[in-house]
Each structure stands twice: as C-alpha cells, then as structure tokens.
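What follows is coords.cif (mmCIF, N, CA and C atoms).
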```cif
data_my_file
loop_
_atom_site.group_PDB
_atom_site.id
_atom_site.type_symbol
_atom_site.label_atom_id
_atom_site.label_comp_id
_atom_site.auth_asym_id
_atom_site.auth_seq_id
_atom_site.Cartn_x
_atom_site.Cartn_y
_atom_site.Cartn_z
ATOM 1 N N MET A 1 0.835 -1.169 0.000
ATOM 2 C CA MET A 1 0.000 0.000 0.000
ATOM 3 C C MET A 1 0.881 1.235 0.000
ATOM 4 N N ALA A 2 0.744 2.015 -1.018
ATOM 5 C CA ALA A 2 1.530 3.251 -1.144
ATOM 6 C C ALA A 2 0.738 4.426 -0.593
ATOM 7 N N LEU A 3 1.415 5.247 0.166
ATOM 8 C CA LEU A 3 0.778 6.423 0.743
ATOM 9 C C LEU A 3 1.306 7.675 0.070
ATOM 10 N N THR A 4 0.403 8.614 -0.185
ATOM 11 C CA THR A 4 0.764 9.916 -0.731
ATOM 12 C C THR A 4 0.445 10.964 0.318
ATOM 13 N N TYR A 5 1.416 11.841 0.577
ATOM 14 C CA TYR A 5 1.248 12.914 1.560
ATOM 15 C C TYR A 5 1.154 14.247 0.819
ATOM 16 N N GLU A 6 -0.029 14.837 0.813
ATOM 17 C CA GLU A 6 -0.224 16.140 0.184
ATOM 18 C C GLU A 6 -0.392 17.183 1.287
ATOM 19 N N ILE A 7 0.321 18.298 1.154
ATOM 20 C CA ILE A 7 0.208 19.379 2.136
ATOM 21 C C ILE A 7 -1.166 20.023 1.980
ATOM 22 N N LYS A 8 -1.936 20.067 3.073
ATOM 23 C CA LYS A 8 -3.249 20.716 3.052
ATOM 24 C C LYS A 8 -3.232 22.019 3.829
ATOM 25 N N THR A 9 -2.281 22.174 4.743
ATOM 26 C CA THR A 9 -2.155 23.374 5.564
ATOM 27 C C THR A 9 -0.676 23.642 5.799
ATOM 28 N N PHE A 10 -0.277 24.887 5.671
ATOM 29 C CA PHE A 10 1.100 25.291 5.981
ATOM 30 C C PHE A 10 1.020 26.749 6.394
ATOM 31 N N GLU A 11 0.866 26.973 7.725
ATOM 32 C CA GLU A 11 0.615 28.328 8.197
ATOM 33 C C GLU A 11 1.180 28.545 9.594
ATOM 34 N N VAL A 12 1.446 29.783 9.920
ATOM 35 C CA VAL A 12 1.888 30.136 11.261
ATOM 36 C C VAL A 12 0.729 29.880 12.211
ATOM 37 N N ASP A 13 1.024 29.233 13.331
ATOM 38 C CA ASP A 13 -0.002 28.933 14.319
ATOM 39 C C ASP A 13 -0.546 30.221 14.923
ATOM 40 N N THR A 14 -1.859 30.338 15.025
ATOM 41 C CA THR A 14 -2.472 31.567 15.545
ATOM 42 C C THR A 14 -2.239 31.751 17.043
ATOM 43 N N ASN A 15 -1.951 30.680 17.766
ATOM 44 C CA ASN A 15 -1.708 30.765 19.204
ATOM 45 C C ASN A 15 -0.244 30.929 19.571
ATOM 46 N N ASP A 16 0.647 30.597 18.654
ATOM 47 C CA ASP A 16 2.083 30.658 18.941
ATOM 48 C C ASP A 16 2.828 30.909 17.630
ATOM 49 N N SER A 17 3.243 32.149 17.423
ATOM 50 C CA SER A 17 3.858 32.525 16.145
ATOM 51 C C SER A 17 5.227 31.887 15.919
ATOM 52 N N SER A 18 5.763 31.194 16.922
ATOM 53 C CA SER A 18 7.044 30.513 16.733
ATOM 54 C C SER A 18 6.861 29.122 16.134
ATOM 55 N N LYS A 19 5.603 28.739 15.881
ATOM 56 C CA LYS A 19 5.308 27.406 15.345
ATOM 57 C C LYS A 19 4.559 27.502 14.026
ATOM 58 N N THR A 20 4.771 26.504 13.206
ATOM 59 C CA THR A 20 4.069 26.379 11.936
ATOM 60 C C THR A 20 3.194 25.142 11.991
ATOM 61 N N ARG A 21 1.943 25.312 11.585
ATOM 62 C CA ARG A 21 1.017 24.167 11.498
ATOM 63 C C ARG A 21 1.127 23.591 10.093
ATOM 64 N N VAL A 22 1.484 22.323 10.051
ATOM 65 C CA VAL A 22 1.575 21.614 8.775
ATOM 66 C C VAL A 22 0.515 20.522 8.789
ATOM 67 N N GLY A 23 -0.353 20.551 7.795
ATOM 68 C CA GLY A 23 -1.396 19.540 7.688
ATOM 69 C C GLY A 23 -1.193 18.704 6.444
ATOM 70 N N PHE A 24 -1.458 17.430 6.585
ATOM 71 C CA PHE A 24 -1.324 16.489 5.470
ATOM 72 C C PHE A 24 -2.663 15.829 5.170
ATOM 73 N N THR A 25 -2.913 15.615 3.888
ATOM 74 C CA THR A 25 -3.941 14.689 3.445
ATOM 75 C C THR A 25 -3.185 13.452 2.990
ATOM 76 N N VAL A 26 -3.354 12.363 3.720
ATOM 77 C CA VAL A 26 -2.650 11.122 3.407
ATOM 78 C C VAL A 26 -3.627 10.219 2.671
ATOM 79 N N THR A 27 -3.252 9.801 1.472
ATOM 80 C CA THR A 27 -4.106 8.936 0.656
ATOM 81 C C THR A 27 -3.445 7.580 0.492
ATOM 82 N N ASP A 28 -4.206 6.531 0.780
ATOM 83 C CA ASP A 28 -3.751 5.154 0.605
ATOM 84 C C ASP A 28 -4.175 4.703 -0.787
ATOM 85 N N SER A 29 -3.227 4.445 -1.657
ATOM 86 C CA SER A 29 -3.544 4.101 -3.050
ATOM 87 C C SER A 29 -4.240 2.754 -3.192
ATOM 88 N N SER A 30 -4.136 1.894 -2.183
ATOM 89 C CA SER A 30 -4.747 0.568 -2.308
ATOM 90 C C SER A 30 -6.263 0.610 -2.196
ATOM 91 N N ASP A 31 -6.796 1.599 -1.469
ATOM 92 C CA ASP A 31 -8.248 1.676 -1.311
ATOM 93 C C ASP A 31 -8.790 3.101 -1.417
ATOM 94 N N GLU A 32 -7.899 4.053 -1.709
ATOM 95 C CA GLU A 32 -8.252 5.469 -1.865
ATOM 96 C C GLU A 32 -8.822 6.105 -0.597
ATOM 97 N N ASN A 33 -8.630 5.452 0.563
ATOM 98 C CA ASN A 33 -9.017 6.068 1.830
ATOM 99 C C ASN A 33 -8.079 7.217 2.128
ATOM 100 N N ILE A 34 -8.606 8.229 2.834
ATOM 101 C CA ILE A 34 -7.762 9.356 3.203
ATOM 102 C C ILE A 34 -7.766 9.546 4.713
ATOM 103 N N PHE A 35 -6.682 10.128 5.191
ATOM 104 C CA PHE A 35 -6.478 10.420 6.603
ATOM 105 C C PHE A 35 -5.942 11.842 6.672
ATOM 106 N N LEU A 36 -6.567 12.678 7.501
ATOM 107 C CA LEU A 36 -6.135 14.063 7.655
ATOM 108 C C LEU A 36 -5.438 14.221 8.993
ATOM 109 N N ILE A 37 -4.292 14.896 8.981
ATOM 110 C CA ILE A 37 -3.544 15.095 10.215
ATOM 111 C C ILE A 37 -2.788 16.416 10.153
ATOM 112 N N ASP A 38 -2.732 17.109 11.282
ATOM 113 C CA ASP A 38 -1.978 18.351 11.419
ATOM 114 C C ASP A 38 -0.942 18.174 12.519
ATOM 115 N N LYS A 39 0.203 18.804 12.342
ATOM 116 C CA LYS A 39 1.253 18.807 13.355
ATOM 117 C C LYS A 39 1.818 20.213 13.474
ATOM 118 N N LEU A 40 2.191 20.585 14.694
ATOM 119 C CA LEU A 40 2.852 21.868 14.955
ATOM 120 C C LEU A 40 4.351 21.642 15.045
ATOM 121 N N VAL A 41 5.091 22.478 14.349
ATOM 122 C CA VAL A 41 6.540 22.376 14.315
ATOM 123 C C VAL A 41 7.126 23.730 14.701
ATOM 124 N N THR A 42 8.123 23.722 15.575
ATOM 125 C CA THR A 42 8.820 24.960 15.901
ATOM 126 C C THR A 42 9.555 25.430 14.659
ATOM 127 N N THR A 43 9.276 26.651 14.249
ATOM 128 C CA THR A 43 9.752 27.147 12.963
ATOM 129 C C THR A 43 11.221 27.505 12.976
ATOM 130 N N SER A 44 11.655 28.318 13.939
ATOM 131 C CA SER A 44 13.034 28.811 13.994
ATOM 132 C C SER A 44 13.442 29.351 12.628
ATOM 133 N N SER A 45 14.631 28.976 12.175
ATOM 134 C CA SER A 45 15.100 29.421 10.863
ATOM 135 C C SER A 45 15.121 28.254 9.882
ATOM 136 N N LYS A 46 14.228 27.280 10.090
ATOM 137 C CA LYS A 46 14.169 26.086 9.247
ATOM 138 C C LYS A 46 13.565 26.416 7.880
ATOM 139 N N THR A 47 13.978 25.652 6.900
ATOM 140 C CA THR A 47 13.396 25.777 5.559
ATOM 141 C C THR A 47 12.015 25.114 5.542
ATOM 142 N N ASP A 48 11.236 25.417 4.530
ATOM 143 C CA ASP A 48 9.926 24.778 4.380
ATOM 144 C C ASP A 48 10.078 23.261 4.274
ATOM 145 N N ASN A 49 11.117 22.803 3.585
ATOM 146 C CA ASN A 49 11.362 21.362 3.468
ATOM 147 C C ASN A 49 11.638 20.737 4.827
ATOM 148 N N ALA A 50 12.450 21.398 5.644
ATOM 149 C CA ALA A 50 12.792 20.876 6.964
ATOM 150 C C ALA A 50 11.564 20.851 7.873
ATOM 151 N N ILE A 51 10.739 21.891 7.799
ATOM 152 C CA ILE A 51 9.514 21.946 8.591
ATOM 153 C C ILE A 51 8.567 20.819 8.170
ATOM 154 N N SER A 52 8.427 20.616 6.874
ATOM 155 C CA SER A 52 7.562 19.557 6.360
ATOM 156 C C SER A 52 8.052 18.183 6.785
ATOM 157 N N LYS A 53 9.342 17.960 6.714
ATOM 158 C CA LYS A 53 9.928 16.671 7.118
ATOM 159 C C LYS A 53 9.700 16.418 8.602
ATOM 160 N N GLU A 54 9.874 17.433 9.431
ATOM 161 C CA GLU A 54 9.671 17.278 10.867
ATOM 162 C C GLU A 54 8.200 16.960 11.163
ATOM 163 N N ALA A 55 7.285 17.617 10.477
ATOM 164 C CA ALA A 55 5.858 17.340 10.662
ATOM 165 C C ALA A 55 5.519 15.924 10.193
ATOM 166 N N TYR A 56 6.088 15.523 9.065
ATOM 167 C CA TYR A 56 5.901 14.158 8.554
ATOM 168 C C TYR A 56 6.367 13.139 9.591
ATOM 169 N N ASP A 57 7.556 13.344 10.130
ATOM 170 C CA ASP A 57 8.095 12.421 11.132
ATOM 171 C C ASP A 57 7.190 12.362 12.363
ATOM 172 N N ALA A 58 6.685 13.512 12.793
ATOM 173 C CA ALA A 58 5.831 13.574 13.975
ATOM 174 C C ALA A 58 4.484 12.890 13.753
ATOM 175 N N ALA A 59 4.045 12.799 12.512
ATOM 176 C CA ALA A 59 2.743 12.215 12.194
ATOM 177 C C ALA A 59 2.784 10.697 12.045
ATOM 178 N N GLN A 60 3.953 10.112 11.971
ATOM 179 C CA GLN A 60 4.056 8.693 11.626
ATOM 180 C C GLN A 60 3.350 7.753 12.589
ATOM 181 N N THR A 61 3.366 8.026 13.885
ATOM 182 C CA THR A 61 2.681 7.149 14.838
ATOM 183 C C THR A 61 1.195 7.050 14.509
ATOM 184 N N GLU A 62 0.568 8.194 14.242
ATOM 185 C CA GLU A 62 -0.856 8.204 13.928
ATOM 186 C C GLU A 62 -1.151 7.593 12.561
ATOM 187 N N VAL A 63 -0.289 7.837 11.594
ATOM 188 C CA VAL A 63 -0.491 7.278 10.257
ATOM 189 C C VAL A 63 -0.385 5.757 10.292
ATOM 190 N N VAL A 64 0.599 5.235 11.011
ATOM 191 C CA VAL A 64 0.758 3.781 11.131
ATOM 192 C C VAL A 64 -0.448 3.175 11.855
ATOM 193 N N ALA A 65 -0.939 3.837 12.901
ATOM 194 C CA ALA A 65 -2.122 3.346 13.616
ATOM 195 C C ALA A 65 -3.336 3.322 12.680
ATOM 196 N N TRP A 66 -3.474 4.353 11.831
ATOM 197 C CA TRP A 66 -4.564 4.383 10.850
ATOM 198 C C TRP A 66 -4.447 3.207 9.882
ATOM 199 N N GLN A 67 -3.250 2.972 9.373
ATOM 200 C CA GLN A 67 -3.041 1.845 8.459
ATOM 201 C C GLN A 67 -3.388 0.524 9.142
ATOM 202 N N ASN A 68 -2.913 0.346 10.372
ATOM 203 C CA ASN A 68 -3.155 -0.897 11.093
ATOM 204 C C ASN A 68 -4.634 -1.106 11.405
ATOM 205 N N SER A 69 -5.374 -0.015 11.597
ATOM 206 C CA SER A 69 -6.795 -0.137 11.920
ATOM 207 C C SER A 69 -7.595 -0.721 10.761
ATOM 208 N N LYS A 70 -7.026 -0.710 9.574
ATOM 209 C CA LYS A 70 -7.721 -1.212 8.391
ATOM 210 C C LYS A 70 -7.369 -2.662 8.070
ATOM 211 N N ASN A 71 -6.450 -3.261 8.817
ATOM 212 C CA ASN A 71 -5.954 -4.599 8.490
ATOM 213 C C ASN A 71 -7.032 -5.672 8.432
ATOM 214 N N ASN A 72 -8.037 -5.602 9.299
ATOM 215 C CA ASN A 72 -9.039 -6.667 9.369
ATOM 216 C C ASN A 72 -10.363 -6.312 8.719
ATOM 217 N N ILE A 73 -10.461 -5.115 8.156
ATOM 218 C CA ILE A 73 -11.702 -4.702 7.489
ATOM 219 C C ILE A 73 -11.959 -5.616 6.294
ATOM 220 N N GLY A 74 -13.162 -6.132 6.209
ATOM 221 C CA GLY A 74 -13.543 -6.998 5.101
ATOM 222 C C GLY A 74 -13.305 -8.476 5.359
ATOM 223 N N LYS A 75 -12.591 -8.807 6.429
ATOM 224 C CA LYS A 75 -12.374 -10.213 6.761
ATOM 225 C C LYS A 75 -13.606 -10.758 7.485
ATOM 226 N N THR A 76 -13.722 -12.061 7.505
ATOM 227 C CA THR A 76 -14.823 -12.736 8.180
ATOM 228 C C THR A 76 -14.274 -13.488 9.377
ATOM 229 N N PHE A 77 -14.969 -13.376 10.511
ATOM 230 C CA PHE A 77 -14.575 -14.144 11.684
ATOM 231 C C PHE A 77 -15.320 -15.473 11.653
ATOM 232 N N ASN A 78 -14.573 -16.558 11.728
ATOM 233 C CA ASN A 78 -15.147 -17.894 11.735
ATOM 234 C C ASN A 78 -15.155 -18.402 13.176
ATOM 235 N N PRO A 79 -16.340 -18.499 13.810
ATOM 236 C CA PRO A 79 -16.385 -18.956 15.198
ATOM 237 C C PRO A 79 -16.025 -20.425 15.369
ATOM 238 N N ASP A 80 -16.118 -21.216 14.273
ATOM 239 C CA ASP A 80 -15.743 -22.622 14.375
ATOM 240 C C ASP A 80 -14.251 -22.815 14.545
ATOM 241 N N THR A 81 -13.477 -21.901 13.944
ATOM 242 C CA THR A 81 -12.014 -21.999 14.035
ATOM 243 C C THR A 81 -11.418 -20.911 14.911
ATOM 244 N N ASP A 82 -12.288 -19.999 15.399
ATOM 245 C CA ASP A 82 -11.832 -18.868 16.208
ATOM 246 C C ASP A 82 -10.761 -18.038 15.485
ATOM 247 N N SER A 83 -10.980 -17.828 14.183
ATOM 248 C CA SER A 83 -9.972 -17.088 13.422
ATOM 249 C C SER A 83 -10.627 -16.215 12.362
ATOM 250 N N LEU A 84 -9.855 -15.225 11.936
ATOM 251 C CA LEU A 84 -10.265 -14.361 10.834
ATOM 252 C C LEU A 84 -9.898 -15.024 9.521
ATOM 253 N N GLU A 85 -10.778 -14.873 8.553
ATOM 254 C CA GLU A 85 -10.530 -15.479 7.244
ATOM 255 C C GLU A 85 -10.711 -14.417 6.179
ATOM 256 N N GLY A 86 -9.949 -14.545 5.146
ATOM 257 C CA GLY A 86 -10.104 -13.623 4.020
ATOM 258 C C GLY A 86 -8.945 -12.804 3.875
#
```

Could you write out this file's structure as structure tokens?
Amino acid sequence: MALTYEIKTFEVDTNDSSKTRVGFTVTDSSDENIFLIDKLVTTSSKTDNAISKEAYDAAQTEVVAWQNSKNNIGKTFNPDTDSLEG
C-alpha cells in the first residue's frame, strides 16, 4: 500500500507565532481512503522542506495506527475456528 502525503495546511499557528502548522492529506492508493492530520513544528530558521519533514516524522505514529486499523476490514470471523478469514 503506497501512501501519498499532500500538504493541506502550511501556516503560522495563531496561538504561537514561533510554530508552523503543517497539515497532510494522506491517501492510501490501495483503497483510496484518506487520513487528515496536522502537526505543529517549531519554525526557527528552518526551511519549508525541513519543517515539512519534521511534521511528517511527527505524524508517523498516527499514520501507522490508521493503516493498522484497516488490516481486518472486510475479513470474516469464523467462530468454528476462532480465526479471521479472508
């Protein structure tokens, strides 16, 4: 499953001007499901690329949890064998 990360938000945080809010629309190419996530990154003198990379890294725990939550969707539970099938 290939994931595409498109920037949906890239703005100075309204509550703390030292941070940039970076939002991603993550699309899973295997089923076209999307996941939206925002992360705050301390801006300092970082480039836009560095800020985006830091936000991407910070989002990985949630993105992986989203991917894992889909692992059993569409499978059938067989009570005779006490297992998932499909």

**Report entry** Backbone-only DSSP, alpha helix (DSSP H) members of chain A, as an NGL selection string
**Finding:** :A and (48-69)

Query raised in the report: Using only N, CA and C atoms, which residue out of A:Gly74, A:Ser17, A:Thr42, A:Ala2 lies closest to A:Ser30?
Result: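 Answer, going by the shortest atom-to-atom distance: A:Ala2.
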
Query raised in the report: How far is it from atom CA of A:Arg21 to atom CA of A:Thr9, in Å with one decimal?
Result: 6.8 Å

**Report entry** Coordinates-based distance that separates atom C of A:Gln60 from atom N of A:Asp13 (Å, one decimal)
**Finding:**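 Interatomic distance here is 21.6 Å.
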
**Report entry** Spatial neighbours of stretch 49-59 of chain A, 6.5 Å, only N, CA and C atoms, chain gap at least 5 places, as a ChimeraX atom specification
**Finding:** /A:22,39-41,64

Query raised in the report: Any chance you could work out the residue set of the PyMOL selection byres ((chain A and resi 29) around 6.5) here, as a PyMOL selection string?
Result: chain A and resi 1-4+27-28+30-33

Report task. For atom CA of A:Thr81 and atom CA of A:Trp66, quote the distance in Å rounded to one decimal. Result ->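 Between atom CA of A:Thr81 and atom CA of A:Trp66 the gap works out to 27.6 Å.
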
Requested in this report: Quick one: pick out all strand (DSSP E) residues within stretch 4-86 of chain A from a backbone DSSP run and write them as JSON, numbers by chain.
Outcome: {"A": [4, 5, 6, 7, 8, 9, 10, 11, 12, 19, 20, 21, 22, 23, 24, 25, 26, 27, 28, 34, 35, 36, 37, 38, 39, 40, 41, 42, 76, 77, 78, 83, 84, 85]}

Give me the box for stretch 78-86 of chain A as lines of an AutoDock Vina configuration file, namely the centre and edge lengths in Å to one decimal of a box along x, y and z that holds every listed atom plus 6 Å on each side.
```
center_x = -12.7
center_y = -17.8
center_z = 10.0
size_x = 19.4
size_y = 22.0
size_z = 24.3
```

I need every residue sitting at most 7 Å from the point (-9.1, 15.3, 4.0) (coordinates as in the file, all atoms listed in the file considered), written as a PDB file with N, CA and C atoms, keeping the file's coordinate frame.
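part_39.pdb was written with the following content:
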```
ATOM      1  N   PHE A  24      -1.458  17.430   6.585  1.00  0.00           N
ATOM      2  CA  PHE A  24      -1.324  16.489   5.470  1.00  0.00           C
ATOM      3  C   PHE A  24      -2.663  15.829   5.170  1.00  0.00           C
ATOM      4  N   THR A  25      -2.913  15.615   3.888  1.00  0.00           N
ATOM      5  CA  THR A  25      -3.941  14.689   3.445  1.00  0.00           C
ATOM      6  C   THR A  25      -3.185  13.452   2.990  1.00  0.00           C
ATOM      7  N   VAL A  26      -3.354  12.363   3.720  1.00  0.00           N
ATOM      8  CA  VAL A  26      -2.650  11.122   3.407  1.00  0.00           C
ATOM      9  C   VAL A  26      -3.627  10.219   2.671  1.00  0.00           C
ATOM     10  N   ILE A  34      -8.606   8.229   2.834  1.00  0.00           N
ATOM     11  CA  ILE A  34      -7.762   9.356   3.203  1.00  0.00           C
ATOM     12  C   ILE A  34      -7.766   9.546   4.713  1.00  0.00           C
ATOM     13  N   PHE A  35      -6.682  10.128   5.191  1.00  0.00           N
ATOM     14  CA  PHE A  35      -6.478  10.420   6.603  1.00  0.00           C
ATOM     15  C   PHE A  35      -5.942  11.842   6.672  1.00  0.00           C
ATOM     16  N   LEU A  36      -6.567  12.678   7.501  1.00  0.00           N
ATOM     17  CA  LEU A  36      -6.135  14.063   7.655  1.00  0.00           C
ATOM     18  C   LEU A  36      -5.438  14.221   8.993  1.00  0.00           C
ATOM     19  N   ILE A  37      -4.292  14.896   8.981  1.00  0.00           N
ATOM     20  CA  ILE A  37      -3.544  15.095  10.215  1.00  0.00           C
ATOM     21  C   ILE A  37      -2.788  16.416  10.153  1.00  0.00           C
TER      22      ILE A  37
END
```

Requested in this report: Carefully work through the PyMOL selection byres ((chain A and resi 86) around 5) for this structure and note down the residues it includes, as a list in words.
Outcome: Lys75, Leu84 and Glu85 of chain A
